[in-house]
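Working notes, structure below.
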Amino acid sequence: MKNILIIRATGSIGNAVRQMFLRKTDAQLTLFSRRVNRLKLNTSREKAISGSVTDDTELALAVKSQDFVFVALSGDMKTFAEHIVKVMDQENVQRLVFITTMGIYQEIPSWLGDSPEPYSNSILRPFREAADLIEQSDLNYTIVRPGWYTNGPVNYEITQKGEPFGGHDVSRNSIADYVVKLSENNTLDNRSSVGINEG
């Protein structure tokens with residue numbers, strides 16, 4: 001039985017990942033968010049910790065003794081990544097799955113109807129900086145670069161860094177399914193940056 005930490009469990013991706021873990025695994029979940037009072041817990045399998053990613057003491061309390069850390073944040077991504085890498089190293093927790101966004105490597109092909117140009121550097125830069133920082137760490141990471149979120153069924157394909165992005169959209173359930181697979185397969189896409197889009 002694995003111990004799984006979901007950082008920003010109250011977000012739409014965090015919640016989708018949480019529900020997929022509850023449905024498909026017997027993992028014990030720690031839910032970390034600034035607003036955990038919004039969560040109705042399955043007390044036999046879940047606990048909630050209220051805190052900020054930029055408070056190392058609060059973050060360490062959540063990270064301690066975890067097998068797998070999942071992160072889906074928005075905002076000051078580089079600063080968030082710095083704190084997460086630091087605290088995971090401090091607590092000797094290695095496995096990190098971190099959501100960024102498509103386009104950070106200019107991997108969006110023109111046939112999708114979007115070239116990299118519509119995405120201003122100011123939008124993508126924080127995600128790229130976070131990805132670069134994680135790639136430079138000694139963690140066992142998977143950086144996930146999703147397309148635009150939908151509420152569709154599980155149906156997706158994965159592209160590796162350096163390959164053109166495969167499609168414009170991806171469902172939250174598809175992301176959640178892939179994250180659960182990463183937690184169950186210790187060698188799947190280790191130290192990789194992957195795109196995920198509708199299959």
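Chain labels run A, B, ... following the order of the structure tokens; each chain numbers its residues from 1, and ligands are numbered from 1 in the order shown.
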
Per DSSP on the backbone, what are the alpha helix (DSSP H) residues of region 79-109 of chain A, as a PyMOL selection string?
-> chain A and resi 79-90

Name the residues in contact with region 24-26 of chain A at a cut-off of 10 Å, using only C-alpha atoms, excluding same-chain residues fewer than 4 positions from it; report them as a VMD selection string.
-> chain A and resid 1 to 3 19 to 20 45 177 180 to 181 183 to 184

Residues of chain A in strand (DSSP E or B), written as an NGL selection string | :A and (3-7 or 28-33 or 46-50 or 68-71 or 95-99 or 140-146 or 148-150 or 156-160 or 169-171 or 192-198)

May I have the residues within 12 Å of Thr43 (chain A) as a ChimeraX atom specification, using only C-alpha atoms and disregarding those fewer than 2 positions away in the same chain?
-> /A:22,28-31,39-41,45-48

With all heavy atoms retained, export the selected residues as a short mmCIF file (atom, residue, chain, number, x, y, z; two decimals), in the first residue's frame.
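Output file again.cif is given in full below:
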data_model
loop_
_atom_site.label_atom_id
_atom_site.label_comp_id
_atom_site.auth_asym_id
_atom_site.auth_seq_id
_atom_site.Cartn_x
_atom_site.Cartn_y
_atom_site.Cartn_z
N LEU A 22 -8.80 6.82 -5.31
CA LEU A 22 -9.77 6.17 -4.44
C LEU A 22 -10.49 5.04 -5.17
O LEU A 22 -10.78 3.99 -4.57
CB LEU A 22 -10.79 7.20 -3.92
CG LEU A 22 -10.26 8.20 -2.90
CD1 LEU A 22 -11.33 9.25 -2.59
CD2 LEU A 22 -9.80 7.51 -1.61
N GLN A 28 -3.13 5.11 0.47
CA GLN A 28 -3.49 6.07 1.51
C GLN A 28 -3.13 7.47 1.01
O GLN A 28 -2.01 7.71 0.56
CB GLN A 28 -2.72 5.76 2.80
CG GLN A 28 -3.13 4.44 3.45
CD GLN A 28 -4.54 4.49 4.01
OE1 GLN A 28 -4.91 5.43 4.70
NE2 GLN A 28 -5.33 3.47 3.70
N LEU A 29 -4.08 8.38 1.08
CA LEU A 29 -3.91 9.70 0.50
C LEU A 29 -3.75 10.77 1.57
O LEU A 29 -4.48 10.79 2.56
CB LEU A 29 -5.11 10.07 -0.37
CG LEU A 29 -5.50 9.08 -1.47
CD1 LEU A 29 -6.68 9.63 -2.28
CD2 LEU A 29 -4.33 8.77 -2.39
N THR A 30 -2.78 11.67 1.33
CA THR A 30 -2.66 12.90 2.10
C THR A 30 -3.00 14.04 1.17
O THR A 30 -2.40 14.19 0.10
CB THR A 30 -1.23 13.07 2.66
OG1 THR A 30 -0.93 11.98 3.53
CG2 THR A 30 -1.12 14.37 3.45
N LEU A 31 -3.96 14.85 1.56
CA LEU A 31 -4.45 15.95 0.74
C LEU A 31 -3.95 17.26 1.33
O LEU A 31 -4.24 17.58 2.47
CB LEU A 31 -5.97 15.93 0.70
CG LEU A 31 -6.61 14.57 0.37
CD1 LEU A 31 -8.13 14.65 0.44
CD2 LEU A 31 -6.15 14.06 -0.99
N LEU A 39 -12.90 19.94 1.85
CA LEU A 39 -12.86 18.53 1.48
C LEU A 39 -13.68 17.67 2.44
O LEU A 39 -13.58 17.82 3.66
CB LEU A 39 -11.40 18.03 1.49
CG LEU A 39 -10.45 18.74 0.52
CD1 LEU A 39 -9.02 18.32 0.80
CD2 LEU A 39 -10.83 18.44 -0.92
N LYS A 40 -14.47 16.77 1.87
CA LYS A 40 -15.15 15.76 2.65
C LYS A 40 -14.33 14.48 2.54
O LYS A 40 -14.20 13.91 1.46
CB LYS A 40 -16.57 15.54 2.12
CG LYS A 40 -17.37 14.58 2.96
CD LYS A 40 -18.81 14.48 2.47
CE LYS A 40 -19.59 13.51 3.34
NZ LYS A 40 -21.00 13.39 2.87
N LEU A 41 -13.76 14.06 3.65
CA LEU A 41 -12.75 13.00 3.61
C LEU A 41 -13.35 11.61 3.76
O LEU A 41 -14.33 11.40 4.48
CB LEU A 41 -11.73 13.21 4.74
CG LEU A 41 -10.93 14.50 4.71
CD1 LEU A 41 -9.99 14.55 5.90
CD2 LEU A 41 -10.16 14.65 3.41
N ARG A 45 -9.11 6.28 4.48
CA ARG A 45 -8.01 6.30 3.51
C ARG A 45 -7.39 7.68 3.30
O ARG A 45 -6.38 7.79 2.59
CB ARG A 45 -8.51 5.79 2.15
CG ARG A 45 -8.89 4.32 2.20
CD ARG A 45 -9.23 3.80 0.83
NE ARG A 45 -8.19 4.09 -0.13
CZ ARG A 45 -8.37 4.02 -1.46
NH1 ARG A 45 -9.54 3.71 -1.95
NH2 ARG A 45 -7.38 4.29 -2.28
N GLU A 46 -7.98 8.72 3.86
CA GLU A 46 -7.50 10.07 3.57
C GLU A 46 -7.27 10.86 4.85
O GLU A 46 -8.01 10.71 5.83
CB GLU A 46 -8.54 10.83 2.73
CG GLU A 46 -8.77 10.26 1.36
CD GLU A 46 -9.78 11.08 0.58
OE1 GLU A 46 -10.90 11.28 1.09
OE2 GLU A 46 -9.45 11.53 -0.53
N LYS A 47 -6.26 11.71 4.78
CA LYS A 47 -6.09 12.75 5.79
C LYS A 47 -5.77 14.04 5.06
O LYS A 47 -5.27 14.03 3.93
CB LYS A 47 -4.98 12.40 6.79
CG LYS A 47 -3.58 12.36 6.20
CD LYS A 47 -2.56 12.04 7.28
CE LYS A 47 -1.14 12.00 6.70
NZ LYS A 47 -0.13 11.70 7.73
N ALA A 48 -6.09 15.15 5.70
CA ALA A 48 -5.90 16.46 5.07
C ALA A 48 -4.97 17.31 5.93
O ALA A 48 -5.05 17.28 7.16
CB ALA A 48 -7.24 17.16 4.90
#

Contacts of region 50-58 of chain A at 7 Å or less, counting only C-alpha atoms, minus same-chain residues fewer than 6 places along, as a PyMOL selection string?
-> chain A and resi 32-36+80+83+87

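Here CA of Asn155 (chain A) is placed at a distance of 10.1 Å from CA of Tyr178 (chain A).
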
Name all residues at most 8 Å from Asn190 (chain A) (count only C-alpha atoms; drop same-chain ones fewer than 3 positions away) and give them as a PyMOL selection string.
-> chain A and resi 140-142+186-187

Selected residue of minimal separation from Tyr149 (chain A) among A:Ser12, A:Gln66, A:Ser74, A:Asn42, counting only C-alpha atoms | A:Ser12

Pick out the closest residue to Tyr156 (chain A) from this set: A:Asp138, A:Leu124, A:Gly199, A:Leu133. Count only C-alpha atoms.
-> A:Gly199

Counting only C-alpha atoms, figure out which residue out of A:Met77, A:Val69, A:Val17, A:Ile175 gets nearest to Val93 (chain A).
-> A:Val69

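Pairwise distance (CA of Pro126 (chain A), CA of Phe70 (chain A)) equals 18.2 Å.
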
Who sits within 8 Å of Val71 (chain A), only C-alpha atoms, same chain under 2 positions skipped, as JSON, numbers by chain | {"A": [6, 7, 8, 14, 69, 73, 96, 97, 98, 99]}
